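Peer 1: Below is one structure. I have some questions about it.
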Protein chains: 2
Amino acid sequence: MFSNFKINEKEAIFIQVYNYIKNMIENGMLPYESKLPSTREMGIMLKVSRTTVIKGYELLQDKGLVYTAQGKGTFVSKVPLKKSNEWNIDWVRNCTSYAKKAESLDIMKHGEQYKKGMISFKSIAPDEKLFDLEEVKRAFLNRISIEGEKLLNYGYAKGYKPLIDFMMKYMKNKGVNIKNKDILITNGFTEGFDIVLSAIAEKGDKIICENPTHNTAIKLMKLHELDIIGININSDGVDFKQLESKLKNNKIKAAYIIPSYHNPTGMVMPYENREVMYDILRKENIPIIEDGFNEELQHLGSHISPMAAICGEENSVIYIGSLSKILFPGLRIGWVFGDKRLIEILESIKRSKNIHTSFLDQGILYEYMNSGVFERYVKKVRSTYREKYKYCRTLVEKYIPYKEIIGDGGLYLFIKLDNINSKELLQRCYKRGVIFMPGDIFYTDGRGEDTIRLSFGRASMEEMERGIKIIGEEARAIVL
Amino acid sequence: MFSNFKINEKEAIFIQVYNYIKNMIENGMLPYESKLPSTREMGIMLKVSRTTVIKGYELLQDKGLVYTAQGKGTFVSKVPLKKSNEWNIDWVRNCTSYAKKAESLDIMKHGEQYKKGMISFKSIAPDEKLFDLEEVKRAFLNRISIEGEKLLNYGYAKGYKPLIDFMMKYMKNKGVNIKNKDILITNGFTEGFDIVLSAIAEKGDKIICENPTHNTAIKLMKLHELDIIGININSDGVDFKQLESKLKNNKIKAAYIIPSYHNPTGMVMPYENREVMYDILRKENIPIIEDGFNEELQHLGSHISPMAAICGEENSVIYIGSLSKILFPGLRIGWVFGDKRLIEILESIKRSKNIHTSFLDQGILYEYMNSGVFERYVKKVRSTYREKYKYCRTLVEKYIPYKEIIGDGGLYLFIKLDNINSKELLQRCYKRGVIFMPGDIFYTDGRGEDTIRLSFGRASMEEMERGIKIIGEEARAIVL
């Protein structure tokens, strides 16, 4: 207390002392009858002369803010706290419909939440135990020594040039034609998708997506007040018949799809189907937003060209990439790859939203990727998740009464239960310390109440067995 | 090339070889008449048997994608590039009005831009030479050693707890009453303001601000389609008469103000005026968005309570803080301080936009601030800028034909020229390697064509003298 007093050259110092203390009294920081430090003590604390403090105290007394008790000292008078919460804004009533929606769609605020010690099949965050901290330190120190202080000052909205160039090569290595294409670095997939939607879709526009699909994508499409048209996916993949009929009967603005390790089903769309899908959308002139968030996890070893490669020189695919499901999600770095001119537009939107993504983080990620560590790391991660995937699948087959198990790998399995409500199942399992994601939140039409997404990324083999066994037991208990 | 082929266990390998090469041909990566590697070479590169490659090449030949010339090898046939830019989306025509506006309001894309070697009075970025890299390295290594890999995994939308707690204390030390208040960490002031606007102001709502004011704030208010009502500021500060009359005649949703080192004028609103302003807005029940982006730069030494302190226990002030004008703007970290319930709402919006701000950066900043280095650093920065401010002011008085010089310190001076168009002046100075910010972009009503903002943060004393001399010469040349 009294530590933050600073003298202002423009005003009489005793006035400043007066205002400083007056403010504290009126804000309730010096409550009724609390004793002020002696003028000597106060002088020392405020680094002003004692006489100045005396003049300040006198003024406080004249204004009735303090009183002195002979021989006892100076005390705070009973001052009505000028701003004692009389003016209270009801922020909930005053907030926008957008804000209300953002909160009601925030799954982190609804449903069962993970508690320490639980077996979690809910999060699809990567297992940080796989991260190599030493390499991260090396990347940080190398980049800092190369760029110096500059890396800590303002950068460019488009992103850190070396990282952009690296990512362009990276896309090229996926078989993507990069002619007239460019990249914007964003704070992860989520910001990339938000920016893309704000650039290409007006309120009320119709957008196509797989059903079920990534919950965050659904949330964003709803926040942008888009008319979401879900296309069913079954074990054979996207229902092309339904897709074509939907296209026939609606004017669609764009299509959002997740061809590789689709969230939540974990399906990988075969190359042929990607071509079919591309040609169907092409015929109707519907641009594609491709979510590549899981493409790095192709741990079945298959390399299947992304839509961004199938489109060749055409500029109709907007590819949003992220490494957050394998590498450093805490750094929040993703990229939007697409038509050069479109990226220019997105760059201005990005600048308006937060100027740019952390250059330090971009520098670290670039250094890490470029050093070749990434290649080795991804191999390790893939084999780890491959093992977990296989084991998880056998456990589900063994313990859980399912109708269908979908998923080619990735980080999770999608399970259609045998006439069991997944929310009810979750409540039971939660009591026994097991948590997973009920499947209904991934549906665009409220279905999926008998489905669950089981993420095996973070659970140990032993936890997997214990957890899935519990899910199975509770599932059977419901049926009985 | 051919480095990214990966085998898929589900499909005949020669089919995969076929699709892989077919895809390259159709995407123009293997142009007409280019020679394919020999089946032996290709087998080695793709890590498959030669016979598999032969079967793949045969299939390519059957489909007419390649042809063999006896003894010469296999060549790519004349294949119409299936996607050779036939389908071309006009993204400019297809983008939203929001996107168009974001680009047209993007000052980085309009007007004279800084070129290397110029004397710049334009940027208000801090001088990175003042950063202490060794302390940043120490902060990074300490935080990493304390938090480990966790710091690199997903965090919380609200922010990194230790940083939030630190910032709450930090606000308390400004004399702010933190009861029922909370903090959201954002990607700098810009994101904080964007999130706050999206939470409290609907399209078409009226918002009050100083005129002139921070250009990025104007841009965001326009992007949110708010009706901006500017209140004139003169050398005595905000025109309270105009403020009150505007309040009488309009239903105002919120007021955005910059009490400390106002941008662009550099004025500091005296304590008394802050109380007057608060009470005026209080009477009309208008919440205040306080921009504290420059508060740390109080290098005249005065401590003047922010609005967030004046409001006491009331919940009507939303304080947006940032250190970007003194410390590591490249990290993009700011904070929104306000009513607890409001922060909860903002948290959900933040999560929907980019999940959270980099936890690594938050960890580094926390460690740096908490280590006490910051206090010392700020003292250094303040005295540096104080000297520059005084010198800059004398230079302006000496060389530039001005009507008025406004600015109590901070990082810049605001100059009303003597009937000189600042854009014309800039064009002349630009030719001579000097750049500054014309003042009109800060006005809400297109005025200020005779004003300039002169930032002295980054120019050396010697550059300042040279640059301001040039501005003066060109100004006089216009008058003549």
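In the structure tokens, each chain is lettered A, B, ... as it comes, each chain's residues begin at 1, and ligands are numbered from 1 in order of appearance.
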Might you pull out every residue within 9 Å of Glu191 (chain A), with only C-alpha atoms counted and same-chain residues fewer than 2 positions away left off, and present them as a PDB file with C-alpha atoms, in the first residue's frame?
Peer 2:
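Saved to result.pdb:
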```
ATOM      1  CA  THR A 186      -3.143 -18.175 -37.751  1.00  0.00           C
ATOM      2  CA  ASN A 187      -3.666 -19.015 -34.080  1.00  0.00           C
ATOM      3  CA  GLY A 188      -4.482 -22.632 -34.868  1.00  0.00           C
ATOM      4  CA  PHE A 189      -7.201 -24.177 -37.016  1.00  0.00           C
ATOM      5  CA  PHE A 193     -11.694 -21.312 -39.868  1.00  0.00           C
ATOM      6  CA  ASP A 194     -13.205 -18.285 -38.140  1.00  0.00           C
ATOM      7  CA  ILE A 195     -11.313 -15.927 -40.450  1.00  0.00           C
ATOM      8  CA  VAL A 196     -12.185 -17.920 -43.576  1.00  0.00           C
ATOM      9  CA  GLY A 334      -2.017 -23.138 -37.798  1.00  0.00           C
ATOM     10  CA  LYS A 350      -6.190 -11.316 -39.359  1.00  0.00           C
TER      11      LYS A 350
ATOM     12  CA  SER B 352     -14.600 -19.745 -29.979  1.00  0.00           C
ATOM     13  CA  LYS B 353     -12.105 -17.510 -31.776  1.00  0.00           C
ATOM     14  CA  ASN B 354      -8.768 -19.233 -31.100  1.00  0.00           C
ATOM     15  CA  ILE B 355      -9.123 -21.427 -27.987  1.00  0.00           C
TER      16      ILE B 355
END
```
Peer 1: Could you give me, as a tab-separated table, a per-residue list for chain A showing, wherever an atom lies at most 6 Å from an atom of chain B, the closest pair of atoms and their distance in Å to one decimal, using only C-alpha atoms and sorting by chain then residue number from low to high?
Peer 2:
```
residue	atom	partner	partner_atom	distance
A:Lys6	CA	B:His303	CA	4.7
A:Ile7	CA	B:Ser302	CA	4.8
A:Asn8	CA	B:Ser302	CA	3.8
A:Asn27	CA	B:Gly312	CA	4.7
A:Lys83	CA	B:Gly312	CA	5.4
A:Ser84	CA	B:Glu313	CA	5.3
A:Asn85	CA	B:Glu314	CA	4.3
A:Trp87	CA	B:Glu314	CA	5.8
A:Asn88	CA	B:Asn315	CA	5.9
A:Trp91	CA	B:Leu342	CA	5.8
A:Cys95	CA	B:Ile200	CA	4.6
A:Thr96	CA	B:Ala199	CA	5.4
A:Ala99	CA	B:Ala199	CA	5.0
A:Ala102	CA	B:Ile349	CA	5.6
A:Glu103	CA	B:Ser348	CA	5.2
A:Glu128	CA	B:Glu149	CA	5.7
A:Glu149	CA	B:Glu128	CA	5.6
A:Leu152	CA	B:Gly330	CA	4.4
A:Asn153	CA	B:Gly330	CA	4.4
A:Tyr154	CA	B:Gly330	CA	4.6
A:Asn187	CA	B:Asn354	CA	5.9
A:Thr190	CA	B:Asn354	CA	5.2
A:Glu191	CA	B:Asn354	CA	4.8
A:Ala199	CA	B:Ala99	CA	5.0
A:Ile200	CA	B:Cys95	CA	4.6
A:Gly301	CA	B:Asn8	CA	5.6
A:Ser302	CA	B:Asn8	CA	3.8
A:His303	CA	B:Lys6	CA	4.9
A:Cys311	CA	B:Lys83	CA	5.9
A:Gly312	CA	B:Asn27	CA	4.6
A:Glu313	CA	B:Asn85	CA	5.0
A:Glu314	CA	B:Asn85	CA	4.2
A:Asn315	CA	B:Asn88	CA	5.9
A:Phe328	CA	B:Leu152	CA	4.8
A:Pro329	CA	B:Asn153	CA	5.1
A:Gly330	CA	B:Asn153	CA	4.4
A:Leu331	CA	B:Ser358	CA	4.8
A:Arg332	CA	B:Ser358	CA	5.8
A:Leu342	CA	B:Trp91	CA	5.8
A:Ser348	CA	B:Glu103	CA	5.2
A:Ile349	CA	B:Ala102	CA	5.5
A:Lys353	CA	B:Glu191	CA	5.4
A:Asn354	CA	B:Glu191	CA	4.8
A:Ser358	CA	B:Leu331	CA	4.8
A:Phe359	CA	B:Gly330	CA	5.5
```
Peer 1: Restricting it to C-alpha atoms, dump the selection as a PDB file, in the first residue's frame.
Peer 2:
```pdb
ATOM      1  CA  LYS A   6       4.157   8.865  -8.188  1.00  0.00           C
ATOM      2  CA  ILE A   7       4.694  12.587  -8.266  1.00  0.00           C
ATOM      3  CA  ASN A   8       3.317  14.648 -11.078  1.00  0.00           C
ATOM      4  CA  ASN A  27     -12.666   3.229  -3.185  1.00  0.00           C
ATOM      5  CA  LYS A  83     -18.846   4.065  -5.882  1.00  0.00           C
ATOM      6  CA  SER A  84     -19.925   1.250  -3.661  1.00  0.00           C
ATOM      7  CA  ASN A  85     -21.524  -0.841  -6.305  1.00  0.00           C
ATOM      8  CA  TRP A  87     -24.147   1.518 -10.365  1.00  0.00           C
ATOM      9  CA  ASN A  88     -24.311  -2.091 -11.387  1.00  0.00           C
ATOM     10  CA  TRP A  91     -23.774  -7.569 -18.309  1.00  0.00           C
ATOM     11  CA  CYS A  95     -24.552  -8.679 -23.892  1.00  0.00           C
ATOM     12  CA  THR A  96     -25.106  -9.388 -27.565  1.00  0.00           C
ATOM     13  CA  ALA A  99     -22.053 -13.453 -26.911  1.00  0.00           C
ATOM     14  CA  ALA A 102     -20.898 -18.221 -27.787  1.00  0.00           C
ATOM     15  CA  GLU A 103     -21.491 -19.088 -24.168  1.00  0.00           C
ATOM     16  CA  GLU A 128       2.680 -34.065 -24.042  1.00  0.00           C
ATOM     17  CA  GLU A 149      15.329  -8.839 -30.245  1.00  0.00           C
ATOM     18  CA  LEU A 152      10.054 -10.037 -29.894  1.00  0.00           C
ATOM     19  CA  ASN A 153       8.863  -6.903 -31.655  1.00  0.00           C
ATOM     20  CA  TYR A 154       5.884  -6.471 -33.956  1.00  0.00           C
ATOM     21  CA  ASN A 187      -3.666 -19.015 -34.080  1.00  0.00           C
ATOM     22  CA  THR A 190      -9.937 -22.492 -35.019  1.00  0.00           C
ATOM     23  CA  GLU A 191      -8.858 -18.964 -35.884  1.00  0.00           C
ATOM     24  CA  ALA A 199     -14.289 -13.696 -45.411  1.00  0.00           C
ATOM     25  CA  ILE A 200     -16.489 -15.877 -47.613  1.00  0.00           C
ATOM     26  CA  GLY A 301       1.049 -45.224 -43.610  1.00  0.00           C
ATOM     27  CA  SER A 302      -1.246 -44.363 -46.472  1.00  0.00           C
ATOM     28  CA  HIS A 303      -0.494 -41.174 -48.304  1.00  0.00           C
ATOM     29  CA  CYS A 311      -7.596 -29.285 -57.243  1.00  0.00           C
ATOM     30  CA  GLY A 312      -4.271 -28.823 -59.020  1.00  0.00           C
ATOM     31  CA  GLU A 313      -3.951 -25.270 -60.288  1.00  0.00           C
ATOM     32  CA  GLU A 314      -7.523 -24.429 -59.468  1.00  0.00           C
ATOM     33  CA  ASN A 315      -8.095 -21.989 -56.622  1.00  0.00           C
ATOM     34  CA  PHE A 328       2.661 -28.068 -29.217  1.00  0.00           C
ATOM     35  CA  PRO A 329      -1.020 -27.060 -29.379  1.00  0.00           C
ATOM     36  CA  GLY A 330      -0.183 -24.591 -26.608  1.00  0.00           C
ATOM     37  CA  LEU A 331       1.645 -22.493 -29.193  1.00  0.00           C
ATOM     38  CA  ARG A 332      -1.611 -22.061 -31.161  1.00  0.00           C
ATOM     39  CA  LEU A 342      -7.839 -14.668 -51.068  1.00  0.00           C
ATOM     40  CA  SER A 348      -6.285  -7.895 -43.531  1.00  0.00           C
ATOM     41  CA  ILE A 349      -8.910  -9.674 -41.441  1.00  0.00           C
ATOM     42  CA  LYS A 353      -8.411  -9.232 -35.193  1.00  0.00           C
ATOM     43  CA  ASN A 354      -5.053  -9.475 -33.409  1.00  0.00           C
ATOM     44  CA  SER A 358       3.231 -14.647 -31.895  1.00  0.00           C
ATOM     45  CA  PHE A 359       6.475 -14.316 -33.840  1.00  0.00           C
TER      46      PHE A 359
END
```
Peer 1: Counting only C-alpha atoms, which of B:Leu417, B:Ile289, B:Ile441, B:Ile364 gets nearest to Glu147 (chain B)?
Peer 2: B:Ile364
Peer 1: With only C-alpha atoms as the atoms that count, which of B:Tyr18, B:Glu284, B:Met167, B:Asn215 lies nearest to Ile320 (chain B)?
Peer 2: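 For Ile320 (chain B), the nearest of the candidates is B:Met167.
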Peer 1: Residues at most 8 Å from region 33-46 of chain A, counting only C-alpha atoms, excluding those fewer than 3 positions away in the same chain, as a list in words?
Peer 2: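 The neighbour list is Phe2, Ser3, Phe5, Lys6, Leu30, Ser49, Arg50, Thr52, Val53, Ile54, Gly73, Thr74, Phe75, Val76, Ser77 and Lys78 of chain A.
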Peer 1: Take the residues just selected and output them with N, CA and C atoms as a short mmCIF file (atom, residue, chain, number, x, y, z; two decimals), in the first residue's frame.
Peer 2:
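Written output follows (part.cif):
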```cif
data_model
loop_
_atom_site.label_atom_id
_atom_site.label_comp_id
_atom_site.auth_asym_id
_atom_site.auth_seq_id
_atom_site.Cartn_x
_atom_site.Cartn_y
_atom_site.Cartn_z
N PHE A 2 0.36 2.31 -0.57
CA PHE A 2 1.09 3.58 -0.69
C PHE A 2 2.37 3.42 -1.52
N SER A 3 2.49 2.28 -2.22
CA SER A 3 3.74 2.02 -2.96
C SER A 3 3.64 2.62 -4.37
N PHE A 5 2.40 5.53 -5.38
CA PHE A 5 2.28 6.98 -5.50
C PHE A 5 3.43 7.53 -6.34
N LYS A 6 3.10 8.26 -7.38
CA LYS A 6 4.16 8.86 -8.19
C LYS A 6 3.86 10.35 -8.34
N LEU A 30 -9.18 2.26 2.05
CA LEU A 30 -8.92 2.69 3.43
C LEU A 30 -10.28 2.81 4.13
N SER A 49 8.12 15.43 1.54
CA SER A 49 8.49 15.99 2.84
C SER A 49 7.34 15.82 3.82
N ARG A 50 7.66 15.81 5.09
CA ARG A 50 6.62 15.64 6.11
C ARG A 50 5.62 16.79 6.05
N THR A 52 4.65 18.45 3.57
CA THR A 52 3.72 18.22 2.46
C THR A 52 2.60 17.28 2.90
N VAL A 53 2.99 16.22 3.61
CA VAL A 53 1.99 15.26 4.08
C VAL A 53 1.03 15.96 5.05
N ILE A 54 1.58 16.79 5.91
CA ILE A 54 0.73 17.50 6.89
C ILE A 54 -0.31 18.34 6.15
N GLY A 73 -3.78 9.77 16.56
CA GLY A 73 -3.40 9.82 15.15
C GLY A 73 -4.56 10.21 14.25
N THR A 74 -4.41 9.99 12.99
CA THR A 74 -5.42 10.37 11.99
C THR A 74 -6.19 9.13 11.52
N PHE A 75 -7.53 9.26 11.50
CA PHE A 75 -8.37 8.11 11.14
C PHE A 75 -9.33 8.47 10.02
N VAL A 76 -9.74 7.46 9.29
CA VAL A 76 -10.67 7.66 8.18
C VAL A 76 -12.07 7.91 8.72
N SER A 77 -12.73 8.96 8.24
CA SER A 77 -14.10 9.28 8.68
C SER A 77 -15.09 8.34 8.00
N LYS A 78 -16.34 8.42 8.44
CA LYS A 78 -17.39 7.61 7.81
C LYS A 78 -17.78 8.30 6.51
#
```
Peer 1: Would you mind listing what lies within 12 Å of Lys116 (chain B) as a list in words, with only C-alpha atoms counted and same-chain residues fewer than 5 positions away left out?
Peer 2: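 Within the cut-off, the hits are Gly433, Val434 and Ile435 of chain B.
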Peer 1: With distances taken over only C-alpha atoms, which residue among B:Arg386, B:Lys248, B:Arg453, B:Lys379 lies nearest Leu426 (chain B)?
Peer 2: B:Arg453
Peer 1: Using only C-alpha atoms, which protein or nucleic acid residues come within 9 Å of Arg138 (chain A)? Drop anything in the same chain fewer than 4 positions from it, and give the result as an mmCIF file with N, CA, C and O atoms, in the first residue's frame.
Peer 2:
```
data_model
loop_
_atom_site.group_PDB
_atom_site.id
_atom_site.type_symbol
_atom_site.label_atom_id
_atom_site.label_comp_id
_atom_site.auth_asym_id
_atom_site.auth_seq_id
_atom_site.Cartn_x
_atom_site.Cartn_y
_atom_site.Cartn_z
ATOM 1 N N LEU A 133 11.313 -31.760 -25.031
ATOM 2 C CA LEU A 133 11.582 -30.416 -24.509
ATOM 3 C C LEU A 133 12.964 -29.914 -24.898
ATOM 4 O O LEU A 133 13.142 -28.735 -25.190
ATOM 5 N N GLU A 134 13.934 -30.814 -24.894
ATOM 6 C CA GLU A 134 15.302 -30.367 -25.190
ATOM 7 C C GLU A 134 15.364 -29.763 -26.593
ATOM 8 O O GLU A 134 15.997 -28.730 -26.807
ATOM 9 N N ASN A 142 18.282 -21.229 -30.628
ATOM 10 C CA ASN A 142 18.838 -20.999 -31.974
ATOM 11 C C ASN A 142 18.151 -19.819 -32.652
ATOM 12 O O ASN A 142 18.795 -18.916 -33.169
ATOM 13 N N ARG A 143 16.807 -19.832 -32.617
ATOM 14 C CA ARG A 143 16.072 -18.789 -33.347
ATOM 15 C C ARG A 143 16.366 -17.422 -32.745
ATOM 16 O O ARG A 143 16.593 -16.452 -33.446
ATOM 17 N N ILE A 364 10.047 -20.434 -33.144
ATOM 18 C CA ILE A 364 10.382 -21.705 -32.499
ATOM 19 C C ILE A 364 9.894 -22.867 -33.363
ATOM 20 O O ILE A 364 10.634 -23.801 -33.651
ATOM 21 N N GLU A 367 12.028 -23.249 -36.506
ATOM 22 C CA GLU A 367 13.343 -23.826 -36.194
ATOM 23 C C GLU A 367 13.207 -25.325 -35.934
ATOM 24 O O GLU A 367 13.998 -26.133 -36.425
ATOM 25 N N TYR A 368 12.176 -25.671 -35.185
ATOM 26 C CA TYR A 368 11.951 -27.072 -34.828
ATOM 27 C C TYR A 368 11.658 -27.905 -36.080
ATOM 28 O O TYR A 368 12.267 -28.960 -36.289
#
```
Peer 1: What does the structure give for the distance between CA of Ile229 (chain A) and CA of Glu290 (chain A), in Å to one decimal?
Peer 2: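 Atom-to-atom, CA of Ile229 (chain A) to CA of Glu290 (chain A), that is 16.2 Å.
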Peer 1: Could you name the residues that touch Met118 (chain B) at 12 Å or less, counting only C-alpha atoms, but leaving out those on the same chain fewer than 4 positions away, as number ranges by chain?
Peer 2: B: 112-114, 122-123, 429-436, 458-460, 463-464, 466-467
Peer 1: Do a neighbour search on Lys246 (chain A) at 9 Å with only C-alpha atoms, toss out local chain neighbours closer than 5 positions, and write the hits as a PyMOL selection string.
Peer 2: chain A and resi 208+229+231+241+251-252
Peer 1: Go ahead and save the picked residues with N, CA, C and O atoms, as an mmCIF file, in the first residue's frame.
Peer 2:
```cif
data_model
loop_
_atom_site.group_PDB
_atom_site.id
_atom_site.type_symbol
_atom_site.label_atom_id
_atom_site.label_comp_id
_atom_site.auth_asym_id
_atom_site.auth_seq_id
_atom_site.Cartn_x
_atom_site.Cartn_y
_atom_site.Cartn_z
ATOM 1 N N ILE A 208 -22.227 -26.597 -46.475
ATOM 2 C CA ILE A 208 -22.340 -28.054 -46.376
ATOM 3 C C ILE A 208 -21.207 -28.591 -45.524
ATOM 4 O O ILE A 208 -20.097 -28.064 -45.549
ATOM 5 N N ILE A 229 -25.910 -27.457 -43.554
ATOM 6 C CA ILE A 229 -26.538 -28.621 -44.175
ATOM 7 C C ILE A 229 -25.600 -29.805 -44.028
ATOM 8 O O ILE A 229 -24.528 -29.858 -44.647
ATOM 9 N N ILE A 231 -24.296 -33.631 -44.355
ATOM 10 C CA ILE A 231 -24.389 -34.783 -45.251
ATOM 11 C C ILE A 231 -24.005 -36.029 -44.449
ATOM 12 O O ILE A 231 -22.904 -36.076 -43.874
ATOM 13 N N LYS A 241 -25.113 -39.600 -52.753
ATOM 14 C CA LYS A 241 -26.481 -39.401 -53.272
ATOM 15 C C LYS A 241 -27.119 -38.218 -52.543
ATOM 16 O O LYS A 241 -27.622 -37.289 -53.154
ATOM 17 N N LYS A 251 -28.865 -23.425 -52.742
ATOM 18 C CA LYS A 251 -27.745 -22.623 -53.229
ATOM 19 C C LYS A 251 -26.695 -22.639 -52.117
ATOM 20 O O LYS A 251 -26.868 -22.018 -51.077
ATOM 21 N N ILE A 252 -25.607 -23.360 -52.332
ATOM 22 C CA ILE A 252 -24.601 -23.581 -51.286
ATOM 23 C C ILE A 252 -23.429 -22.609 -51.471
ATOM 24 O O ILE A 252 -22.972 -22.387 -52.590
#
```
Peer 1: Using only C-alpha atoms, which of the listed residues (B:Tyr402, B:Tyr389, B:Phe337, B:Phe456) sits closest to Tyr170 (chain B)?
Peer 2: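 Looking only at the distances to Tyr170 (chain B), the closest residue turns out to be B:Phe337.
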Peer 1: Rank nothing, just name the residue among A:Gly56, A:Gly159, A:Gly457, A:Gly407 nearest to Ile183 (chain A), using only C-alpha atoms.
Peer 2: A:Gly159
Peer 1: For the structure I just gave you, how does DSSP split region 37-145 of chain A - specifically, which residues are strand (DSSP E or B)? Reply as a list in words.
Peer 2: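 Output for region 37-145 of chain A, strand (DSSP E or B) only: Val66, Tyr67, Thr68, Ala69, Gly73, Thr74, Phe75, Val76, Ile119, Ser120 and Phe121 of chain A.
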Peer 1: Using only C-alpha atoms, can you tell me which of A:Leu297, A:Ala254, A:Val336, A:Ile21 comes closest to Arg382 (chain A)?
Peer 2: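 Result for the nearest residue to Arg382 (chain A): A:Leu297.
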Peer 1: Write out as a VMD selection string the set of residues from region 107-242 of chain A that DSSP, computed on the backbone, places in alpha helix (DSSP H).
Peer 2: chain A and resid 133 to 147 161 to 172 188 to 200 215 to 223 240 to 242
